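To start, the structure itself, in structure tokens.
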Amino acid sequence: MTDITPDSVLRLHNRVSVRPEPFGALLYHFGTRRLSFLKSPALLAVVDALQDDRTVADALGVAEVPDAMRPAMLRAITTLRDSEMLVEVAA
Amino acid sequence: MSSTVLDRPAPAPRLIDHFESGLNSPICLTWELTYACNLSCIHCLSASGRRDPRELSTDECKAVIDELQRMQVFYVNIGGGEPTVRSDFWEIVDYATSHDIGVKFSTNGVKITSEIAEKLALNDYVDIQISMDGATAEVNDAIRGPGSYDLAIRALERLSAAGMTRLKLSVVCTRTNIGQLDQFKEIADRYGAQLRLTRLRPAGRGADSWHDLRPTQEQQRELYQWLVARGEEVLTGDSFFHLSALGESLPGLNLCGAGRVVCLIDPIGDVYACPFAIHEEFLAGNIRGEGGFGEVWRESELFTRLRAPQTGGACNSCPFFDTCRGGCMAAKFFTGLPLDGPDPECVRGFGDDALAASSGERPKPSGDHSHRTSPPRPRPVALKLEMQRPTAPMAPPVSACNVSPLAGMQLN
């Protein structure tokens with residue numbers, strides 16, 4: 001799989017359900033039967049922002065993620081993509 | 001299987017801390033739809049057999065599903081009793097899966113006709129667990145009753161023939177079947193099913209059969225080694241966390257989820273802290289109350305108490321406390337042990353010591369739906385003496401649960 005870059009465009013898989021929780025959110029994929037945890041409200045905000053077909057860079061901006069946290073956010077998004085919670089949309 | 005997404009090496013509360021203090025909705029909800037059952041397994045957690053006349057109606061079940069959908073409970077584990085003997089069972093399953101709730105149900109196979117199997121294979125939101133507690137009819141039927149082995153095999157054959165892929169063979173590990181682990185795996189493989197092994201609990205009728213059926217210490221080690229060698233290929237529902245003190249941790253979440261991330265709704269709408277704790281001491285409320293299930297989950301006095309910070313009590317000084325977390329609350333309760341001490345099956349032997357030192361008195365069952373007639377079984381004898389036990393379930397030490405989807409989850 002390709003690396004996620006700031007220019008990547010991703011959306012939640014259409015069989016993934018998101019449930020906000022005090023720590024961030026709980027994701028469930030009805031296809032793979034897997035659970036994932038968004039371990040911060042900031043990451044949930046980024047995933048939300050991605051739903052409007054924004055690039056990763058734009059979503060990080062909309063969610064007001066500090067620069068220092070962006071590399072970790074990219075890794076988190078990559079993990080979500082690898083587990084099919086997020087799917088890449090052709091740019 | 002699942003994954004964790006770290007946003008940063010945060011000093012913030014760990015995810016497990018959030019789990020301990022409770023979530024907006026359960027991650028994992030067990031729903032026993034009926035106490036009616038065609039079998040009389042000697043280790044039945046819910047002491048099932050006869051239908052309770054107060055059972056939730058079809059409409060009430062649908063209202064529960066509506067509420068679970070609003071609460072975004074992703075799926076329910078349906079059991080019983082034998083859930084498929086409800087005449088509205090398939091209607092309830094269809095209602096749930098068409099309302100964004102996945103269904104994983106356990107059955108002994110009695111109602112799995114070829115026609116039903118074909119229908120189930122088409123519903124991608126349904127997983128099925130066939131219960132079998134012996135890899136041979138002789139071993140299985142001694143626990144589950146005459147004919148039950150053939151019933152399970154017939155269901156596996158029909159589901160497999162129908163192309164059902166989301167199939168599990170569910171085995172409760174006992175003294176009589178630990179030697180058959182490889183055979184269970186062969187049976188599961190034969191029908192394209194995944195093998196799921198879970199722990200024998202001393203709840204329901206299991207409280208009476210536990211002493212005779214529970215694996216020996218040596219068998220526990222055998223089971224542990226077998227599980228370590230199989231990794232995530234075999235599901236355990238996070239059942240055997242108490243064995244982690246034998247070496248490396250088994251896959252799963254080391255957390256007692258009772259009232260925190262899991263709970264049980266029983267056939268009459270009573271909400272209990274976990275599927276192994278059907279006893280008035282662990283009763284949080286009833287979904288027929290004005291606030292429904294949501295209010296019980298969010299506000300019940302019992303669940304609030306279970307979500308308060310815990311200590312390990314007598315286990316605090318044990319070097320393995322971080323891996324086993326004191327074991328299972330329900331196992332301790334039903335064997336008459338203090339909730340803040342060792343699990344009765346503590347691999348270091350402290351549970352055996354505690355059992356030997358205890359008066360041998362156990363909590364009296366608070367509900368029994370066992371068949372009154374055949375097959376005749378030894379019945380629980382009501383205790384006449386005052387029992388030495390906690391007056392109320394203290395919050396358990398943070399230990400693992402069992403129930404399932406969390407198995408294999410890596411939190412850090």
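Chains: A, B, ... in order of the structure tokens. Residues: from 1 per chain. Ligands: from 1, in order shown.
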
Please list as a PyMOL selection string every residue within 10 Å of Pro41 of chain A, counting only C-alpha atoms and excluding residues in the same chain fewer than 6 positions away.
(chain A and resi 20-25+47+63) or (chain B and resi 7)

Env of segment 49-56 of chain A: 8 Å cut, atoms = only C-alpha atoms, seq-sep filter 2 positions within chain, self excluded. Answer as an NGL selection string.
:A and (5-12 or 45-47 or 58-60 or 62-63)

Dump of N, CA and C atoms for the selected residues, as a compact mmCIF listing (two decimals), in the first residue's frame:
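Generated file (selection_26.txt):
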# COMPACT_ATOMS: atom_id res chain seq x y z
N THR A 5 -0.06 10.63 2.41
CA THR A 5 0.64 11.92 2.35
C THR A 5 -0.36 13.02 2.69
N PRO A 6 0.14 14.23 2.89
CA PRO A 6 -0.79 15.34 3.16
C PRO A 6 -1.79 15.56 2.03
N ASP A 7 -1.45 15.06 0.83
CA ASP A 7 -2.36 15.25 -0.32
C ASP A 7 -3.38 14.11 -0.46
N SER A 8 -3.25 13.07 0.36
CA SER A 8 -4.17 11.95 0.24
C SER A 8 -5.59 12.40 0.59
N VAL A 9 -6.54 11.75 -0.07
CA VAL A 9 -7.96 12.00 0.25
C VAL A 9 -8.56 10.67 0.70
N LEU A 10 -9.15 10.67 1.89
CA LEU A 10 -9.71 9.43 2.43
C LEU A 10 -11.11 9.68 2.98
N ARG A 11 -11.88 8.61 3.03
CA ARG A 11 -13.20 8.67 3.66
C ARG A 11 -13.38 7.44 4.53
N LEU A 12 -14.30 7.50 5.45
CA LEU A 12 -14.64 6.31 6.21
C LEU A 12 -15.21 5.26 5.26
N ALA A 45 -11.92 14.62 15.32
CA ALA A 45 -12.18 15.84 14.54
C ALA A 45 -11.56 15.72 13.15
N VAL A 46 -10.38 15.12 13.08
CA VAL A 46 -9.73 14.95 11.78
C VAL A 46 -10.54 13.98 10.90
N VAL A 47 -10.97 12.87 11.50
CA VAL A 47 -11.75 11.89 10.73
C VAL A 47 -13.06 12.53 10.24
N ASP A 58 -5.69 19.45 4.57
CA ASP A 58 -6.81 20.35 4.85
C ASP A 58 -7.58 19.92 6.10
N ALA A 59 -7.75 18.60 6.24
CA ALA A 59 -8.49 18.10 7.40
C ALA A 59 -7.74 18.41 8.69
N LEU A 60 -6.43 18.27 8.65
CA LEU A 60 -5.63 18.60 9.84
C LEU A 60 -5.79 20.08 10.18
N VAL A 62 -8.48 22.04 9.35
CA VAL A 62 -9.84 22.27 9.84
C VAL A 62 -9.96 21.83 11.30
N ALA A 63 -9.28 20.72 11.64
CA ALA A 63 -9.35 20.21 13.01
C ALA A 63 -8.37 20.95 13.94

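Of the listed residues B:Cys315, B:Ala137, B:Val261, B:Cys41, the one whose atoms come nearest to chain A is B:Val261, with distances taken using only C-alpha atoms.
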
10 Å contact set for segment 215-217 of chain B, only C-alpha atoms, chain neighbours under 6 positions out, as a list of chain:residue names
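Once the adjacent positions are removed, what remains is B:Cys173, B:Thr174, B:Arg175, B:Thr176, B:Asn177, B:Ile178, B:Arg199, B:Leu200, B:Leu223, B:Glu345, B:Cys346, B:Val347, B:Arg348, B:Gly349, B:Asp352.
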
Store the residues picked out above in a file with N, CA and C atoms, as an mmCIF file, in the first residue's frame.
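This is the output file again-v4.cif:
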data_model
loop_
_atom_site.group_PDB
_atom_site.id
_atom_site.type_symbol
_atom_site.label_atom_id
_atom_site.label_comp_id
_atom_site.auth_asym_id
_atom_site.auth_seq_id
_atom_site.Cartn_x
_atom_site.Cartn_y
_atom_site.Cartn_z
ATOM 1 N N CYS B 173 -14.325 -25.075 28.077
ATOM 2 C CA CYS B 173 -13.242 -26.003 28.432
ATOM 3 C C CYS B 173 -13.481 -26.637 29.802
ATOM 4 N N THR B 174 -13.466 -27.959 29.834
ATOM 5 C CA THR B 174 -13.720 -28.686 31.078
ATOM 6 C C THR B 174 -12.678 -29.774 31.270
ATOM 7 N N ARG B 175 -12.735 -30.368 32.432
ATOM 8 C CA ARG B 175 -11.818 -31.454 32.771
ATOM 9 C C ARG B 175 -11.941 -32.608 31.777
ATOM 10 N N THR B 176 -13.141 -32.780 31.227
ATOM 11 C CA THR B 176 -13.350 -33.937 30.359
ATOM 12 C C THR B 176 -13.026 -33.664 28.888
ATOM 13 N N ASN B 177 -12.839 -32.391 28.522
ATOM 14 C CA ASN B 177 -12.572 -32.147 27.096
ATOM 15 C C ASN B 177 -11.254 -31.452 26.782
ATOM 16 N N ILE B 178 -10.468 -31.100 27.798
ATOM 17 C CA ILE B 178 -9.182 -30.438 27.522
ATOM 18 C C ILE B 178 -8.292 -31.338 26.657
ATOM 19 N N ARG B 199 -14.026 -20.200 29.072
ATOM 20 C CA ARG B 199 -13.795 -20.721 30.408
ATOM 21 C C ARG B 199 -15.095 -21.201 31.052
ATOM 22 N N LEU B 200 -15.006 -22.303 31.754
ATOM 23 C CA LEU B 200 -16.136 -22.791 32.550
ATOM 24 C C LEU B 200 -16.333 -21.855 33.738
ATOM 25 N N LEU B 223 -3.793 -26.271 28.438
ATOM 26 C CA LEU B 223 -4.646 -25.370 27.667
ATOM 27 C C LEU B 223 -3.883 -24.092 27.302
ATOM 28 N N GLU B 345 -9.429 -20.077 40.348
ATOM 29 C CA GLU B 345 -8.528 -20.880 39.523
ATOM 30 C C GLU B 345 -7.167 -20.197 39.326
ATOM 31 N N CYS B 346 -6.795 -19.361 40.267
ATOM 32 C CA CYS B 346 -5.481 -18.712 40.255
ATOM 33 C C CYS B 346 -4.401 -19.758 39.973
ATOM 34 N N VAL B 347 -3.574 -19.481 38.956
ATOM 35 C CA VAL B 347 -2.593 -20.497 38.562
ATOM 36 C C VAL B 347 -1.478 -20.661 39.588
ATOM 37 N N ARG B 348 -1.373 -19.730 40.507
ATOM 38 C CA ARG B 348 -0.367 -19.884 41.564
ATOM 39 C C ARG B 348 -0.924 -20.702 42.735
ATOM 40 N N GLY B 349 -2.171 -21.099 42.636
ATOM 41 C CA GLY B 349 -2.730 -21.964 43.670
ATOM 42 C C GLY B 349 -3.391 -21.226 44.815
ATOM 43 N N ASP B 352 -7.071 -22.141 45.203
ATOM 44 C CA ASP B 352 -7.308 -23.421 45.894
ATOM 45 C C ASP B 352 -7.149 -23.255 47.395
#

Atomic distance atom CA of Ser170 of chain B - atom CA of Pro202 of chain B, expressed in Å with one decimal:
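So the two atoms, atom CA of Ser170 of chain B and atom CA of Pro202 of chain B, lie 17.7 Å apart.
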
From the DSSP assignment of the backbone, select every residue of segment 34-65 of chain A that is helix (DSSP H, G or I), and format the answer as a VMD selection string.
chain A and resid 41 to 50 56 to 62

Include N, CA and C atoms and write out the residues we just selected as a compact mmCIF listing (two decimals), in the first residue's frame.
# COMPACT_ATOMS: atom_id res chain seq x y z
N PRO A 41 -10.08 13.22 21.04
CA PRO A 41 -11.08 14.00 20.33
C PRO A 41 -10.49 14.67 19.09
N ALA A 42 -9.20 15.01 19.14
CA ALA A 42 -8.57 15.66 17.99
C ALA A 42 -8.59 14.73 16.77
N LEU A 43 -8.29 13.45 17.02
CA LEU A 43 -8.29 12.50 15.91
C LEU A 43 -9.70 12.32 15.35
N LEU A 44 -10.68 12.32 16.23
CA LEU A 44 -12.07 12.24 15.78
C LEU A 44 -12.40 13.45 14.91
N ALA A 45 -11.92 14.62 15.32
CA ALA A 45 -12.18 15.84 14.54
C ALA A 45 -11.56 15.72 13.15
N VAL A 46 -10.38 15.12 13.08
CA VAL A 46 -9.73 14.95 11.78
C VAL A 46 -10.54 13.98 10.90
N VAL A 47 -10.97 12.87 11.50
CA VAL A 47 -11.75 11.89 10.73
C VAL A 47 -13.06 12.53 10.24
N ASP A 48 -13.67 13.33 11.12
CA ASP A 48 -14.88 14.06 10.71
C ASP A 48 -14.60 14.98 9.52
N ALA A 49 -13.48 15.71 9.63
CA ALA A 49 -13.14 16.68 8.58
C ALA A 49 -12.86 15.98 7.26
N LEU A 50 -12.35 14.76 7.32
CA LEU A 50 -12.06 14.01 6.09
C LEU A 50 -13.33 13.65 5.33
N VAL A 56 -5.83 15.26 3.45
CA VAL A 56 -5.38 15.08 4.83
C VAL A 56 -4.88 16.42 5.39
N ALA A 57 -4.09 17.14 4.60
CA ALA A 57 -3.55 18.42 5.08
C ALA A 57 -4.68 19.39 5.44
N ASP A 58 -5.69 19.45 4.57
CA ASP A 58 -6.81 20.35 4.85
C ASP A 58 -7.58 19.92 6.10
N ALA A 59 -7.75 18.60 6.24
CA ALA A 59 -8.49 18.10 7.40
C ALA A 59 -7.74 18.41 8.69
N LEU A 60 -6.43 18.27 8.65
CA LEU A 60 -5.63 18.60 9.84
C LEU A 60 -5.79 20.08 10.18
N GLY A 61 -5.89 20.90 9.13
CA GLY A 61 -6.08 22.34 9.34
C GLY A 61 -7.44 22.64 9.94
N VAL A 62 -8.48 22.04 9.35
CA VAL A 62 -9.84 22.27 9.84
C VAL A 62 -9.96 21.83 11.30

At a cut-off of 6 Å, can you tabulate as a Markdown table every residue of chain A near chain B together with its closest atom pair and the distance in Å to one decimal, using only C-alpha atoms and ordering rows by chain then number?
| residue | atom | partner | partner_atom | distance |
| --- | --- | --- | --- | --- |
| A:Arg34 | CA | B:Ser2 | CA | 4.9 |
| A:Leu35 | CA | B:Ser2 | CA | 5.0 |
| A:Ser36 | CA | B:Ser3 | CA | 5.3 |
| A:Phe37 | CA | B:Thr4 | CA | 5.6 |
| A:Leu38 | CA | B:Val5 | CA | 5.8 |
| A:Ala72 | CA | B:Asp7 | CA | 5.4 |
| A:Met73 | CA | B:Asp7 | CA | 5.5 |
| A:Ala76 | CA | B:Val5 | CA | 5.2 |

Any chance you can output those residues with C-alpha atoms as a PDB file, in the first residue's frame?
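Output contents, as saved in again23.pdb:
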ATOM      1  CA  ARG A  34     -13.109  -5.118  13.825  1.00  0.00           C
ATOM      2  CA  LEU A  35     -13.184  -2.459  16.502  1.00  0.00           C
ATOM      3  CA  SER A  36     -10.859   0.519  16.543  1.00  0.00           C
ATOM      4  CA  PHE A  37     -10.391   3.317  18.967  1.00  0.00           C
ATOM      5  CA  LEU A  38      -9.795   6.930  18.134  1.00  0.00           C
ATOM      6  CA  ALA A  72       1.527  11.174  14.729  1.00  0.00           C
ATOM      7  CA  MET A  73      -1.834  11.988  13.132  1.00  0.00           C
ATOM      8  CA  ALA A  76      -2.885   7.162  12.972  1.00  0.00           C
TER       9      ALA A  76
END

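Secondary structure from DSSP on the backbone puts strand (DSSP E) at the following positions of segment 5-39 of chain A: Leu10, Arg11, Leu12, Val16, Ser17, Val18, Arg19, Pro20, Glu21, Gly24, Ala25, Leu26, Leu27, Tyr28, His29, Arg34, Leu35, Ser36, Phe37 and Leu38 of chain A.
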
Print the selection's residues with N, CA and C atoms to a file, as a PDB file, in the first residue's frame.
ATOM      1  N   LEU A  10      -9.147  10.671   1.887  1.00  0.00           N
ATOM      2  CA  LEU A  10      -9.715   9.433   2.426  1.00  0.00           C
ATOM      3  C   LEU A  10     -11.108   9.684   2.976  1.00  0.00           C
ATOM      4  N   ARG A  11     -11.877   8.605   3.025  1.00  0.00           N
ATOM      5  CA  ARG A  11     -13.197   8.666   3.662  1.00  0.00           C
ATOM      6  C   ARG A  11     -13.376   7.436   4.529  1.00  0.00           C
ATOM      7  N   LEU A  12     -14.295   7.503   5.452  1.00  0.00           N
ATOM      8  CA  LEU A  12     -14.636   6.309   6.210  1.00  0.00           C
ATOM      9  C   LEU A  12     -15.210   5.262   5.261  1.00  0.00           C
ATOM     10  N   VAL A  16     -18.454   1.370   8.088  1.00  0.00           N
ATOM     11  CA  VAL A  16     -17.901   1.704   9.406  1.00  0.00           C
ATOM     12  C   VAL A  16     -18.838   2.660  10.134  1.00  0.00           C
ATOM     13  N   SER A  17     -19.072   2.323  11.404  1.00  0.00           N
ATOM     14  CA  SER A  17     -19.912   3.171  12.242  1.00  0.00           C
ATOM     15  C   SER A  17     -19.028   3.818  13.315  1.00  0.00           C
ATOM     16  N   VAL A  18     -19.295   5.087  13.583  1.00  0.00           N
ATOM     17  CA  VAL A  18     -18.479   5.858  14.530  1.00  0.00           C
ATOM     18  C   VAL A  18     -19.325   6.239  15.739  1.00  0.00           C
ATOM     19  N   ARG A  19     -18.823   5.930  16.926  1.00  0.00           N
ATOM     20  CA  ARG A  19     -19.551   6.294  18.136  1.00  0.00           C
ATOM     21  C   ARG A  19     -18.670   7.157  19.028  1.00  0.00           C
ATOM     22  N   PRO A  20     -19.026   8.416  19.214  1.00  0.00           N
ATOM     23  CA  PRO A  20     -18.235   9.285  20.092  1.00  0.00           C
ATOM     24  C   PRO A  20     -18.218   8.748  21.522  1.00  0.00           C
ATOM     25  N   GLU A  21     -17.081   8.826  22.156  1.00  0.00           N
ATOM     26  CA  GLU A  21     -16.915   8.399  23.548  1.00  0.00           C
ATOM     27  C   GLU A  21     -16.055   9.443  24.252  1.00  0.00           C
ATOM     28  N   GLY A  24     -12.622   9.874  22.820  1.00  0.00           N
ATOM     29  CA  GLY A  24     -12.494  10.136  21.391  1.00  0.00           C
ATOM     30  C   GLY A  24     -13.663   9.475  20.684  1.00  0.00           C
ATOM     31  N   ALA A  25     -13.417   8.278  20.153  1.00  0.00           N
ATOM     32  CA  ALA A  25     -14.523   7.566  19.519  1.00  0.00           C
ATOM     33  C   ALA A  25     -14.187   6.098  19.357  1.00  0.00           C
ATOM     34  N   LEU A  26     -15.241   5.325  19.213  1.00  0.00           N
ATOM     35  CA  LEU A  26     -15.140   3.899  18.965  1.00  0.00           C
ATOM     36  C   LEU A  26     -15.624   3.674  17.537  1.00  0.00           C
ATOM     37  N   LEU A  27     -14.849   2.925  16.765  1.00  0.00           N
ATOM     38  CA  LEU A  27     -15.226   2.615  15.390  1.00  0.00           C
ATOM     39  C   LEU A  27     -15.507   1.125  15.277  1.00  0.00           C
ATOM     40  N   TYR A  28     -16.531   0.804  14.528  1.00  0.00           N
ATOM     41  CA  TYR A  28     -16.793  -0.621  14.270  1.00  0.00           C
ATOM     42  C   TYR A  28     -16.997  -0.811  12.779  1.00  0.00           C
ATOM     43  N   HIS A  29     -16.294  -1.804  12.249  1.00  0.00           N
ATOM     44  CA  HIS A  29     -16.400  -2.116  10.827  1.00  0.00           C
ATOM     45  C   HIS A  29     -17.300  -3.345  10.674  1.00  0.00           C
ATOM     46  N   ARG A  34     -14.178  -5.638  12.967  1.00  0.00           N
ATOM     47  CA  ARG A  34     -13.109  -5.118  13.825  1.00  0.00           C
ATOM     48  C   ARG A  34     -13.536  -3.843  14.528  1.00  0.00           C
ATOM     49  N   LEU A  35     -13.001  -3.688  15.736  1.00  0.00           N
ATOM     50  CA  LEU A  35     -13.184  -2.459  16.502  1.00  0.00           C
ATOM     51  C   LEU A  35     -11.895  -1.651  16.436  1.00  0.00           C
ATOM     52  N   SER A  36     -12.029  -0.342  16.395  1.00  0.00           N
ATOM     53  CA  SER A  36     -10.859   0.519  16.543  1.00  0.00           C
ATOM     54  C   SER A  36     -11.208   1.651  17.483  1.00  0.00           C
ATOM     55  N   PHE A  37     -10.181   2.230  18.023  1.00  0.00           N
ATOM     56  CA  PHE A  37     -10.391   3.317  18.967  1.00  0.00           C
ATOM     57  C   PHE A  37      -9.691   4.559  18.477  1.00  0.00           C
ATOM     58  N   LEU A  38     -10.430   5.636  18.387  1.00  0.00           N
ATOM     59  CA  LEU A  38      -9.795   6.930  18.134  1.00  0.00           C
ATOM     60  C   LEU A  38      -9.484   7.486  19.509  1.00  0.00           C
TER      61      LEU A  38
END

Residue neighbourhood Leu197 of chain B, 8 Å, only C-alpha atoms, exclusion window fewer than 2 positions, as a VMD selection string:
chain B and resid 170 to 173 195 199 234 to 237 239

Could you jot down the atom CA of Ser98 of chain B to atom CA of Thr58 of chain B separation for me, Å, one decimal place?
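Computed distance, atom CA of Ser98 of chain B to atom CA of Thr58 of chain B, equals 15.5 Å.
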
Interatomic distance, atom CA of Asp82 of chain A to atom CA of Lys104 of chain B (Å, one decimal):
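The value is 25.3 Å.
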
Between A:Arg33, A:Leu80, A:Lys39, A:Asn14, which one has atoms that come closest to Ile16 of chain B, using only C-alpha atoms?
A:Lys39
